[in-house]
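Printed here is input.cif (mmCIF, C-alpha atoms and all ligand atoms):
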data_structure
loop_
_atom_site.label_atom_id
_atom_site.label_comp_id
_atom_site.auth_asym_id
_atom_site.auth_seq_id
_atom_site.Cartn_x
_atom_site.Cartn_y
_atom_site.Cartn_z
CA MET V 24 -15.47 20.81 25.98
CA SER V 25 -15.89 17.06 26.14
CA ALA V 26 -12.74 15.09 26.82
CA THR V 27 -14.09 12.22 24.73
CA THR V 28 -12.33 11.81 21.40
CA ILE V 29 -12.94 9.31 18.62
CA SER V 30 -9.98 7.28 19.84
CA ASP V 31 -11.69 6.65 23.20
CA ARG V 32 -14.59 4.86 21.55
CA PRO V 33 -14.51 1.05 21.16
CA THR V 34 -14.29 -0.59 17.76
CA ARG V 35 -17.41 -2.42 16.62
CA LEU V 36 -15.30 -5.04 14.84
CA SER V 37 -14.24 -8.27 16.55
CA THR V 38 -12.31 -11.47 15.99
CA ASP V 39 -12.01 -14.75 17.89
CA ILE V 40 -8.25 -14.81 17.31
CA ASP V 41 -6.24 -14.86 20.54
CA PHE V 42 -3.23 -12.71 19.61
CA GLU V 43 -1.31 -14.00 22.64
CA ARG V 44 -1.62 -17.67 21.71
CA ASP V 45 1.24 -19.55 20.03
CA GLY V 46 0.55 -21.35 16.75
CA LYS V 47 -1.22 -20.50 13.50
CA GLN V 48 -4.75 -19.14 13.73
CA VAL V 49 -6.70 -18.23 10.62
CA SER V 50 -10.08 -16.64 11.21
CA ILE V 51 -12.25 -13.61 10.48
CA ILE V 52 -12.76 -10.04 11.60
CA HIS V 53 -16.51 -9.57 11.92
CA MET V 54 -18.20 -6.32 10.94
CA ALA V 55 -21.98 -6.00 11.14
CA TRP V 56 -23.51 -4.90 7.83
CA SER V 57 -27.25 -4.74 8.09
CA ARG V 58 -28.95 -4.12 4.76
CA ASN V 59 -32.12 -4.85 2.81
CA ALA V 60 -30.93 -8.23 1.51
CA SER V 61 -29.46 -9.38 4.83
CA ALA V 62 -30.88 -7.92 8.02
CA TYR V 63 -28.35 -9.50 10.37
CA GLY V 64 -25.58 -9.79 7.77
CA GLU V 65 -21.91 -9.19 8.40
CA ILE V 66 -18.75 -8.57 6.42
CA GLN V 67 -16.16 -11.23 7.20
CA ILE V 68 -12.58 -10.03 6.68
CA PRO V 69 -9.95 -12.81 6.73
CA ILE V 70 -7.12 -12.47 9.25
CA ALA V 71 -4.29 -14.72 10.38
CA CYS V 72 -1.98 -14.67 13.39
CA ILE V 73 1.18 -16.78 13.35
CA LYS V 74 3.01 -16.65 16.66
CA ASN V 75 5.80 -18.46 18.44
CA GLY V 76 7.13 -17.25 21.79
CA SER V 77 8.35 -13.74 22.37
CA GLY V 78 9.81 -11.37 19.80
CA LYS V 79 8.73 -8.56 17.54
CA THR V 80 5.35 -8.30 15.83
CA MET V 81 4.97 -7.60 12.11
CA LEU V 82 1.60 -6.50 10.74
CA TYR V 83 0.87 -7.01 7.03
CA THR V 84 -2.09 -5.70 5.09
CA ALA V 85 -2.92 -5.91 1.38
CA GLY V 86 -6.12 -5.20 -0.50
CA THR V 87 -6.31 -1.77 1.10
CA HIS V 88 -7.08 -0.92 -2.51
CA GLY V 89 -9.05 -3.88 -3.85
CA ASP V 90 -7.63 -3.84 -7.41
CA GLU V 91 -3.97 -4.17 -6.33
CA TYR V 92 -3.10 -7.82 -6.28
CA GLU V 93 0.56 -8.78 -5.81
CA GLY V 94 0.36 -8.16 -2.05
CA GLN V 95 -2.90 -10.07 -1.72
CA VAL V 96 -1.36 -13.06 -3.53
CA ALA V 97 1.85 -12.94 -1.49
CA LEU V 98 -0.02 -12.73 1.84
CA LEU V 99 -2.41 -15.56 0.94
CA ASN V 100 0.64 -17.70 0.12
CA LEU V 101 2.36 -16.56 3.34
CA ILE V 102 -0.62 -17.57 5.51
CA ARG V 103 -0.48 -21.11 4.14
CA GLU V 104 3.30 -21.47 3.94
CA LEU V 105 4.65 -19.82 7.12
CA GLU V 106 4.93 -22.41 9.88
CA PRO V 107 4.89 -21.09 13.45
CA GLU V 108 7.96 -23.17 14.36
CA ARG V 109 10.09 -20.92 12.12
CA VAL V 110 8.80 -17.72 13.76
CA ARG V 111 10.29 -15.85 16.73
CA GLY V 112 7.55 -13.41 17.68
CA ARG V 113 4.37 -12.77 15.79
CA VAL V 114 3.10 -12.10 12.25
CA ILE V 115 -0.42 -10.69 11.84
CA ILE V 116 -1.76 -10.85 8.28
CA VAL V 117 -4.84 -9.22 6.75
CA PRO V 118 -4.61 -10.14 3.04
CA ALA V 119 -7.72 -8.24 1.89
CA ALA V 120 -8.07 -5.33 4.30
CA ASN V 121 -10.84 -3.53 2.43
CA TYR V 122 -12.53 -6.86 1.80
CA PRO V 123 -15.61 -5.47 0.00
CA ALA V 124 -13.27 -3.69 -2.46
CA ALA V 125 -11.01 -6.74 -2.83
CA ILE V 126 -13.80 -9.13 -3.82
CA ASN V 127 -15.20 -6.43 -6.10
CA GLY V 128 -11.80 -5.95 -7.78
CA SER V 129 -12.05 -2.19 -7.26
CA ARG V 130 -9.89 0.45 -5.60
CA LEU V 131 -12.76 1.79 -3.50
CA SER V 132 -15.33 -0.08 -1.47
CA PRO V 133 -18.54 -0.64 -3.43
CA LEU V 134 -20.43 -0.23 -0.13
CA ASP V 135 -19.49 3.38 0.62
CA ASN V 136 -16.97 4.46 -2.07
CA GLY V 137 -14.45 4.45 0.78
CA ASN V 138 -10.69 4.65 0.10
CA LEU V 139 -9.05 2.75 2.97
CA ASN V 140 -5.75 4.57 2.42
CA ARG V 141 -7.44 7.97 2.85
CA ALA V 142 -9.64 6.89 5.76
CA HIS V 143 -7.38 7.04 8.84
CA PRO V 144 -7.81 7.45 11.73
CA GLY V 145 -11.24 6.10 10.82
CA ASP V 146 -14.41 6.14 12.84
CA PRO V 147 -15.96 3.27 14.86
CA ASP V 148 -19.42 4.69 14.09
CA GLY V 149 -18.74 5.48 10.42
CA GLY V 150 -19.28 3.52 7.23
CA PRO V 151 -17.58 0.18 6.54
CA THR V 152 -14.31 1.70 5.28
CA ALA V 153 -14.00 4.09 8.24
CA GLN V 154 -14.72 1.21 10.64
CA ILE V 155 -12.00 -0.96 9.05
CA ALA V 156 -9.48 1.91 9.21
CA TYR V 157 -10.31 2.44 12.86
CA TYR V 158 -9.84 -1.25 13.67
CA ILE V 159 -6.46 -1.35 11.90
CA GLY V 160 -5.25 1.83 13.61
CA GLN V 161 -6.67 1.23 17.08
CA THR V 162 -6.52 -2.56 17.47
CA LEU V 163 -3.91 -4.06 15.11
CA VAL V 164 -1.23 -1.34 14.77
CA PRO V 165 -0.69 -0.96 18.56
CA MET V 166 0.32 -4.65 18.73
CA ALA V 167 2.93 -4.18 15.99
CA ASP V 168 6.59 -3.14 15.89
CA ALA V 169 6.37 -2.71 12.12
CA PHE V 170 3.53 -2.39 9.63
CA HIS V 171 3.68 -3.05 5.90
CA ASP V 172 0.69 -2.10 3.73
CA LEU V 173 1.26 -3.64 0.28
CA HIS V 174 0.05 -1.73 -2.79
CA ALA V 175 0.29 -1.60 -6.59
CA GLY V 176 -0.94 0.83 -9.23
CA GLY V 177 -4.44 -0.59 -9.48
CA THR V 178 -6.56 -0.38 -12.60
CA SER V 179 -5.56 3.16 -13.59
CA LEU V 180 -1.77 3.16 -13.07
CA ASP V 181 1.34 1.10 -13.73
CA TYR V 182 4.42 1.24 -11.50
CA LEU V 183 8.08 0.39 -11.28
CA PRO V 184 8.34 -1.75 -8.14
CA PHE V 185 9.51 -0.09 -4.92
CA VAL V 186 9.06 -0.01 -1.17
CA SER V 187 7.82 3.37 0.02
CA SER V 188 7.99 5.14 3.35
CA HIS V 189 6.96 8.54 4.59
CA LEU V 190 9.11 10.70 6.82
CA SER V 191 7.52 10.59 10.27
CA GLY V 192 9.01 13.73 11.82
CA ASN V 193 10.85 11.50 14.34
CA ALA V 194 14.49 11.10 13.24
CA ALA V 195 15.13 7.93 15.28
CA LEU V 196 11.98 6.27 13.92
CA ASP V 197 12.88 7.33 10.36
CA GLU V 198 16.34 5.78 10.72
CA ARG V 199 14.96 2.42 11.95
CA GLN V 200 12.31 2.55 9.22
CA LEU V 201 14.83 3.16 6.44
CA ALA V 202 17.07 0.32 7.64
CA ALA V 203 14.14 -2.12 7.56
CA ALA V 204 12.96 -0.83 4.15
CA LYS V 205 16.45 -1.46 2.72
CA ALA V 206 16.46 -4.95 4.28
CA PHE V 207 13.44 -5.80 2.08
CA ALA V 208 16.00 -5.39 -0.78
CA PRO V 209 13.71 -3.78 -3.37
CA PRO V 210 15.11 -2.14 -6.53
CA MET V 211 14.18 1.24 -4.97
CA VAL V 212 13.12 2.68 -1.64
CA VAL V 213 11.07 5.82 -2.28
CA ILE V 214 10.73 8.31 0.57
CA GLY V 215 7.55 10.35 0.45
CA LYS V 216 7.99 13.89 1.71
CA MET V 217 4.37 14.90 1.10
CA SER V 218 2.12 14.49 4.11
CA ASP V 219 -1.41 13.15 4.25
CA ASP V 220 -2.62 12.26 7.73
CA ARG V 221 -5.27 9.91 6.34
CA LEU V 222 -2.71 7.35 5.09
CA ALA V 223 -2.41 3.98 6.83
CA GLN V 224 1.30 4.63 7.46
CA ARG V 225 0.42 7.76 9.43
CA ALA V 226 -1.70 5.71 11.83
CA ALA V 227 1.47 3.73 12.62
CA HIS V 228 3.76 6.76 12.98
CA LYS V 229 1.39 8.29 15.54
CA ARG V 230 2.03 5.20 17.67
CA GLY V 231 5.78 5.10 17.10
CA VAL V 232 5.51 2.09 14.76
CA ILE V 233 7.71 1.97 11.65
CA ALA V 234 5.60 1.68 8.51
CA PHE V 235 5.98 0.92 4.83
CA GLY V 236 3.95 1.00 1.67
CA GLY V 237 5.11 0.06 -1.78
CA GLU V 238 4.07 -0.43 -5.36
CA PHE V 239 4.63 -3.88 -6.85
CA GLY V 240 2.79 -3.81 -10.19
CA GLY V 241 -0.27 -2.24 -11.68
CA ARG V 242 -2.84 -2.21 -14.50
CA GLY V 243 -5.16 -4.29 -12.35
CA ALA V 244 -3.06 -7.35 -13.23
CA VAL V 245 -0.84 -9.75 -11.28
CA THR V 246 2.83 -9.68 -12.30
CA ILE V 247 4.98 -12.74 -11.65
CA SER V 248 8.00 -10.53 -10.89
CA GLY V 249 5.96 -8.40 -8.45
CA VAL V 250 4.70 -11.40 -6.49
CA LYS V 251 8.25 -12.82 -6.31
CA LEU V 252 9.68 -9.50 -5.17
CA VAL V 253 7.06 -9.16 -2.40
CA GLU V 254 7.41 -12.76 -1.23
CA THR V 255 11.21 -12.53 -1.01
CA GLY V 256 11.10 -9.01 0.48
CA ILE V 257 8.64 -10.06 3.20
CA ARG V 258 10.98 -12.83 4.31
CA ASN V 259 14.02 -10.52 4.09
CA MET V 260 12.35 -7.94 6.34
CA LEU V 261 11.05 -10.56 8.80
CA HIS V 262 14.62 -11.90 9.02
CA PHE V 263 15.98 -8.37 9.60
CA LEU V 264 13.47 -7.87 12.45
CA GLY V 265 14.48 -11.17 14.05
CA ILE V 266 11.10 -12.79 13.36
CA LEU V 267 12.35 -15.30 10.76
CA PRO V 268 15.86 -16.17 11.97
CA ASP V 269 16.52 -19.14 9.65
CA TRP V 270 15.81 -17.24 6.39
CA GLN V 271 18.87 -16.50 4.30
CA PRO V 272 18.30 -13.35 2.25
CA PRO V 273 19.34 -13.96 -1.37
CA ARG V 274 22.02 -11.70 -2.83
CA PRO V 275 20.17 -8.73 -4.45
CA LYS V 276 20.55 -8.38 -8.23
CA ALA V 277 21.40 -4.68 -7.82
CA PRO V 278 21.86 -2.27 -4.93
CA THR V 279 18.68 -0.54 -3.70
CA ARG V 280 18.34 3.03 -5.06
CA LEU V 281 17.19 5.56 -2.47
CA MET V 282 14.71 7.98 -4.08
CA GLN V 283 12.18 10.60 -3.07
CA ILE V 284 8.87 12.12 -4.11
CA ALA V 285 8.77 15.65 -2.76
CA GLY V 286 5.88 17.62 -4.18
CA ARG V 287 3.27 18.23 -6.84
CA ALA V 288 6.02 19.07 -9.36
CA TYR V 289 6.78 15.32 -9.57
CA TYR V 290 3.37 14.68 -11.17
CA VAL V 291 1.98 15.28 -14.65
CA HIS V 292 -1.80 15.65 -14.75
CA ALA V 293 -4.04 15.68 -17.81
CA PRO V 294 -5.01 19.24 -18.81
CA ALA V 295 -8.11 18.03 -20.70
CA ASN V 296 -10.24 14.99 -21.46
CA GLY V 297 -8.71 13.06 -24.31
CA LEU V 298 -6.80 10.09 -25.66
CA PHE V 299 -3.46 9.67 -23.89
CA GLU V 300 -0.45 8.83 -26.09
CA PRO V 301 2.49 8.30 -23.71
CA PHE V 302 5.98 9.38 -24.79
CA VAL V 303 7.95 7.65 -22.02
CA GLU V 304 8.31 4.21 -20.50
CA LEU V 305 8.62 3.27 -16.85
CA GLY V 306 12.24 3.63 -15.72
CA GLU V 307 13.13 6.34 -18.26
CA GLU V 308 15.20 9.30 -17.10
CA VAL V 309 13.57 12.54 -18.26
CA LYS V 310 14.57 16.23 -18.35
CA ALA V 311 12.58 19.19 -17.07
CA GLY V 312 10.33 20.38 -19.88
CA GLN V 313 10.43 17.06 -21.72
CA LYS V 314 7.05 16.14 -23.19
CA ALA V 315 5.38 13.34 -21.21
CA SER V 316 2.59 12.60 -23.64
CA ARG V 317 0.26 13.85 -26.30
CA LEU V 318 -3.46 14.29 -25.67
CA HIS V 319 -5.53 13.70 -28.76
CA PHE V 320 -9.06 14.89 -29.43
CA VAL V 321 -10.73 12.00 -31.21
CA GLU V 322 -13.77 14.09 -32.11
CA ASP V 323 -11.68 16.71 -33.93
CA PRO V 324 -8.71 15.25 -35.84
CA LEU V 325 -7.41 18.66 -36.98
CA ARG V 326 -7.30 20.12 -33.48
CA PRO V 327 -3.65 20.24 -32.37
CA PRO V 328 -3.01 17.75 -29.54
CA LEU V 329 -1.94 19.07 -26.15
CA GLU V 330 1.52 17.99 -25.00
CA PRO V 331 1.82 18.05 -21.19
CA ALA V 332 5.45 18.07 -20.05
CA PHE V 333 7.47 17.05 -16.99
CA LYS V 334 8.10 20.02 -14.69
CA ILE V 335 11.36 18.62 -13.27
CA ALA V 336 13.98 16.03 -14.20
CA GLY V 337 13.70 12.55 -12.72
CA THR V 338 12.98 8.85 -13.19
CA VAL V 339 9.53 7.81 -14.46
CA VAL V 340 8.22 5.45 -11.77
CA CYS V 341 4.49 5.60 -12.60
CA LYS V 342 2.39 6.07 -15.71
CA ARG V 343 -1.24 5.90 -16.58
CA ALA V 344 -2.35 2.44 -17.69
CA GLN V 345 -5.38 3.42 -19.73
CA GLY V 346 -5.74 5.19 -23.07
CA ARG V 347 -8.62 7.53 -22.23
CA CYS V 348 -8.07 10.19 -19.61
CA GLU V 349 -10.01 13.00 -18.04
CA ARG V 350 -8.78 16.44 -17.06
CA GLY V 351 -7.01 16.05 -13.69
CA ASP V 352 -6.00 12.38 -14.14
CA CYS V 353 -2.40 11.54 -13.23
CA LEU V 354 -0.58 10.64 -16.47
CA ALA V 355 2.84 9.96 -14.96
CA HIS V 356 4.98 10.74 -11.97
CA LEU V 357 8.66 10.86 -11.19
CA ALA V 358 11.04 10.07 -8.36
CA THR V 359 14.44 11.70 -7.88
CA PRO V 360 17.52 10.71 -5.84
CA TYR V 361 16.90 11.17 -2.11
CA GLU V 362 18.13 14.39 -0.51
CA ALA V 363 18.29 14.42 3.28
CA CA M 1 -2.59 1.82 -3.91
#
Once more with this new file: its structure as structure tokens, please.
Ligand code: CA
Amino acid sequence: MSATTISDRPTRLSTDIDFERDGKQVSIIHMAWSRNASAYGEIQIPIACIKNGSGKTMLYTAGTHGDEYEGQVALLNLIRELEPERVRGRVIIVPAANYPAAINGSRLSPLDNGNLNRAHPGDPDGGPTAQIAYYIGQTLVPMADAFHDLHAGGTSLDYLPFVSSHLSGNAALDERQLAAAKAFAPPMVVIGKMSDDRLAQRAAHKRGVIAFGGEFGGRGAVTISGVKLVETGIRNMLHFLGILPDWQPPRPKAPTRLMQIAGRAYYVHAPANGLFEPFVELGEEVKAGQKASRLHFVEDPLRPPLEPAFKIAGTVVCKRAQGRCERGDCLAHLATPYEA
């Protein structure tokens, strides 16, 4: 058997940023993209490095899903506003990680239908999305002490805002990760107990790096409250990590609730194609067996609607944003109080 694994192969992406240099550098990650309309064309993914002396390194990405915007807005503002003099250590920022998806305003890349948060560890010889995943996991994550990949619900979903984290299987790492997630001071920290090795956070855990996701809005829109929450939370977490020593975290409006998502039972999926009439709002507490929605059949008014129900009790943290649904679409999902 060959000893060569994917992780031994070099990335094909490059940047002229010197990650060891102090100051603010804003440049591009280059990825060759040869096509009919542009033989020697490339995809140019913006990246910034803001460094001052020694200290921890924080890596931020947004636009992993192109139609999730609060993180993209907050990171674009951060690149302009964060002066290196205030930093102790290093902040690496990729505000539109799946750049082709971000400028297309779509969850997936229009180039290869790639989902950057299902693409890890990636492939240096794969399509654009696999190549970006590989660069993040192999080049950027190893420089970081902590990695925050900022999400929202995108076009199809709406969310209550929260910071998310997955259990890593390493108790010491999980403890450090939870402390930093709480320092962000979100309304909720949601611990994911379901495992998917293709997630960006998993690429960090494999390297012993604490990692966070989070949902800060949805519906393909930009919420003022979501942007504010992310911008304040970023500074709170940088302060906690010692990277932004002069920041004074504001007093949180309410204590952070520690929640979990621990299986398929937390989700309600559409049993048929139809018109989705929701019965619950985000933030509602529901009982097991409570009806989540009604599914109407527009073509047949006398056909009794289906009424999919919640399988367990919990807090509604996500619901479908659009009226039409297809069989298998997520209509809503819950979180419940965290159990160790
Ligand atoms: Ca997302």
Protein and nucleic residues near ligand CA 1 (chain M), 6 Å, only C-alpha atoms and all ligand atoms, as a ChimeraX atom specification = /V:88,174-176
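Candidate residues V:Thr359, V:Asn138, V:Asn259, V:Asn75 were compared for distance to Arg111 of chain V, and the nearest is V:Asn75, using all atoms listed in the file.
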request  = Find, counting all atoms listed in the file, the residue in V:Tyr83, V:Tyr92, V:Phe299, V:Tyr122 that gets nearest to Ile52 of chain V.
outcome  = V:Tyr122
note = Here atom CA of Trp56 of chain V and atom CA of Leu99 of chain V stand apart by 24.6 Å
task = Return the single residue from V:Arg274, V:Arg130, V:Arg280, V:Arg317 that is closest to Lys205 of chain V, with distances computed using all atoms listed in the file.
result =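 Of the candidates, the smallest distance to Lys205 of chain V is held by V:Arg280.
Distance check against Glu307 of chain V using all atoms listed in the file: of V:Ala358, V:Ala202, V:Ala62, V:Leu163, the minimum falls on V:Ala358.
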ask   = Taking into account all atoms listed in the file, which residue in the set V:Gly160, V:Gly89, V:Pro107, V:Gly94 is nearest to Glu254 of chain V?
value =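 Closest to Glu254 of chain V of all the choices is V:Gly94.
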Segment 331-356 of chain V residues near segment 179-201 of chain V within 6 Å, closest pair each, using only C-alpha atoms, as JSON lines:
{"residue": "V:Val340", "atom": "CA", "partner": "V:Leu183", "partner_atom": "CA", "distance": 5.1}
{"residue": "V:Cys341", "atom": "CA", "partner": "V:Tyr182", "partner_atom": "CA", "distance": 4.5}
{"residue": "V:Lys342", "atom": "CA", "partner": "V:Asp181", "partner_atom": "CA", "distance": 5.5}
{"residue": "V:Arg343", "atom": "CA", "partner": "V:Leu180", "partner_atom": "CA", "distance": 4.5}
{"residue": "V:Ala344", "atom": "CA", "partner": "V:Leu180", "partner_atom": "CA", "distance": 4.7}
request  = In Å, rounded to a single decimal, give me how far atom CA of Lys276 of chain V is from atom CA of Arg242 of chain V.
outcome  =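 Between atom CA of Arg242 of chain V and atom CA of Lys276 of chain V the gap works out to 25.0 Å.
With all atoms listed in the file as the atoms that count, the residue of V:Val49, V:Ile247, V:Ala169, V:Ile266 with the shortest distance to Ser77 of chain V is V:Ile266.
The two atoms in question, atom CA of Phe320 of chain V and atom CA of Ile335 of chain V, are spaced 26.3 Å apart.
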message = Would you pick out the contacts of Cys72 of chain V at 6 Å or less, using all atoms listed in the file, so that residues sharing its chain but fewer than 2 positions from it are not included, and give the list as JSON, numbers by chain?
response = {"V": [47, 48, 114, 115]}
Determine, counting all atoms listed in the file, which protein, DNA and RNA residues have an atom within 12 Å of an atom of segment 321-325 of chain V; residues of the same chain fewer than 3 positions away are not included. Present the result as a PDB file with C-alpha atoms, in the frame of the given file.
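File produced: out-v7.pdb:
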ATOM      1  CA  ASN V 296     -10.240  14.990 -21.460  1.00  0.00           C
ATOM      2  CA  GLY V 297      -8.710  13.060 -24.310  1.00  0.00           C
ATOM      3  CA  LEU V 298      -6.800  10.090 -25.660  1.00  0.00           C
ATOM      4  CA  PHE V 299      -3.460   9.670 -23.890  1.00  0.00           C
ATOM      5  CA  GLU V 300      -0.450   8.830 -26.090  1.00  0.00           C
ATOM      6  CA  LEU V 318      -3.460  14.290 -25.670  1.00  0.00           C
ATOM      7  CA  PRO V 328      -3.010  17.750 -29.540  1.00  0.00           C
ATOM      8  CA  GLY V 346      -5.740   5.190 -23.070  1.00  0.00           C
ATOM      9  CA  ARG V 347      -8.620   7.530 -22.230  1.00  0.00           C
TER      10      ARG V 347
END
request  = Mind checking which residues fall within 9 Å of Pro118 of chain V, counting only C-alpha atoms, ignoring those fewer than 6 positions away in the same chain, and posting them as an MDAnalysis selection string?
outcome  = chainID V and resid 68:71 83:87 94:99 102
Find the residues near Gly46 of chain V: any atom within 10 Å, counting all atoms listed in the file, skip ones fewer than 6 places away on the same chain, and give them as a PDB file with C-alpha atoms, in the coordinates of the input.
ATOM      1  CA  CYS V  72      -1.980 -14.670  13.390  1.00  0.00           C
ATOM      2  CA  ILE V  73       1.180 -16.780  13.350  1.00  0.00           C
ATOM      3  CA  LYS V  74       3.010 -16.650  16.660  1.00  0.00           C
ATOM      4  CA  ASN V  75       5.800 -18.460  18.440  1.00  0.00           C
ATOM      5  CA  GLY V  76       7.130 -17.250  21.790  1.00  0.00           C
ATOM      6  CA  GLU V 106       4.930 -22.410   9.880  1.00  0.00           C
ATOM      7  CA  PRO V 107       4.890 -21.090  13.450  1.00  0.00           C
ATOM      8  CA  GLU V 108       7.960 -23.170  14.360  1.00  0.00           C
ATOM      9  CA  VAL V 110       8.800 -17.720  13.760  1.00  0.00           C
ATOM     10  CA  ARG V 113       4.370 -12.770  15.790  1.00  0.00           C
TER      11      ARG V 113
END
task = Using all atoms listed in the file, determine which residues lie at most 12 Å from Gly137 of chain V, disregarding the query and same-chain residues fewer than 4 positions distant; provide the list as a PyMOL selection string.
result = chain V and resi 87-89+121-124+129-133+141-143+145+149-156
With N, CA, C and O atoms retained, output segment 310-321 of chain V as a PDB file, in the first residue's frame.
ATOM      1  N   LYS V 310     -44.062  20.659  23.125  1.00  0.00           N
ATOM      2  CA  LYS V 310     -44.160  19.339  23.769  1.00  0.00           C
ATOM      3  C   LYS V 310     -43.979  18.252  22.716  1.00  0.00           C
ATOM      4  O   LYS V 310     -44.253  18.472  21.532  1.00  0.00           O
ATOM      5  N   ALA V 311     -43.574  17.068  23.166  1.00  0.00           N
ATOM      6  CA  ALA V 311     -43.520  15.916  22.258  1.00  0.00           C
ATOM      7  C   ALA V 311     -44.923  15.657  21.725  1.00  0.00           C
ATOM      8  O   ALA V 311     -45.896  15.660  22.494  1.00  0.00           O
ATOM      9  N   GLY V 312     -45.028  15.453  20.423  1.00  0.00           N
ATOM     10  CA  GLY V 312     -46.330  15.189  19.813  1.00  0.00           C
ATOM     11  C   GLY V 312     -47.079  16.430  19.376  1.00  0.00           C
ATOM     12  O   GLY V 312     -48.103  16.337  18.686  1.00  0.00           O
ATOM     13  N   GLN V 313     -46.571  17.600  19.768  1.00  0.00           N
ATOM     14  CA  GLN V 313     -47.225  18.853  19.352  1.00  0.00           C
ATOM     15  C   GLN V 313     -47.059  19.047  17.844  1.00  0.00           C
ATOM     16  O   GLN V 313     -45.984  18.823  17.289  1.00  0.00           O
ATOM     17  N   LYS V 314     -48.150  19.481  17.197  1.00  0.00           N
ATOM     18  CA  LYS V 314     -48.089  19.665  15.744  1.00  0.00           C
ATOM     19  C   LYS V 314     -47.169  20.841  15.397  1.00  0.00           C
ATOM     20  O   LYS V 314     -47.314  21.932  15.954  1.00  0.00           O
ATOM     21  N   ALA V 315     -46.251  20.602  14.460  1.00  0.00           N
ATOM     22  CA  ALA V 315     -45.297  21.640  14.053  1.00  0.00           C
ATOM     23  C   ALA V 315     -45.866  22.505  12.947  1.00  0.00           C
ATOM     24  O   ALA V 315     -45.533  23.693  12.838  1.00  0.00           O
ATOM     25  N   SER V 316     -46.717  21.900  12.124  1.00  0.00           N
ATOM     26  CA  SER V 316     -47.175  22.607  10.931  1.00  0.00           C
ATOM     27  C   SER V 316     -48.293  21.822  10.277  1.00  0.00           C
ATOM     28  O   SER V 316     -48.601  20.691  10.664  1.00  0.00           O
ATOM     29  N   ARG V 317     -48.864  22.450   9.267  1.00  0.00           N
ATOM     30  CA  ARG V 317     -49.839  21.771   8.426  1.00  0.00           C
ATOM     31  C   ARG V 317     -49.286  21.829   7.008  1.00  0.00           C
ATOM     32  O   ARG V 317     -48.703  22.841   6.610  1.00  0.00           O
ATOM     33  N   LEU V 318     -49.442  20.746   6.278  1.00  0.00           N
ATOM     34  CA  LEU V 318     -49.007  20.715   4.876  1.00  0.00           C
ATOM     35  C   LEU V 318     -50.232  20.651   3.995  1.00  0.00           C
ATOM     36  O   LEU V 318     -50.967  19.664   4.000  1.00  0.00           O
ATOM     37  N   HIS V 319     -50.437  21.708   3.246  1.00  0.00           N
ATOM     38  CA  HIS V 319     -51.627  21.790   2.387  1.00  0.00           C
ATOM     39  C   HIS V 319     -51.320  21.284   0.988  1.00  0.00           C
ATOM     40  O   HIS V 319     -50.181  21.392   0.515  1.00  0.00           O
ATOM     41  N   PHE V 320     -52.390  20.800   0.329  1.00  0.00           N
ATOM     42  CA  PHE V 320     -52.258  20.360  -1.060  1.00  0.00           C
ATOM     43  C   PHE V 320     -53.074  21.315  -1.914  1.00  0.00           C
ATOM     44  O   PHE V 320     -54.311  21.213  -2.001  1.00  0.00           O
ATOM     45  N   VAL V 321     -52.392  22.269  -2.503  1.00  0.00           N
ATOM     46  CA  VAL V 321     -53.050  23.362  -3.218  1.00  0.00           C
ATOM     47  C   VAL V 321     -53.916  22.827  -4.358  1.00  0.00           C
ATOM     48  O   VAL V 321     -54.985  23.377  -4.657  1.00  0.00           O
TER      49      VAL V 321
END
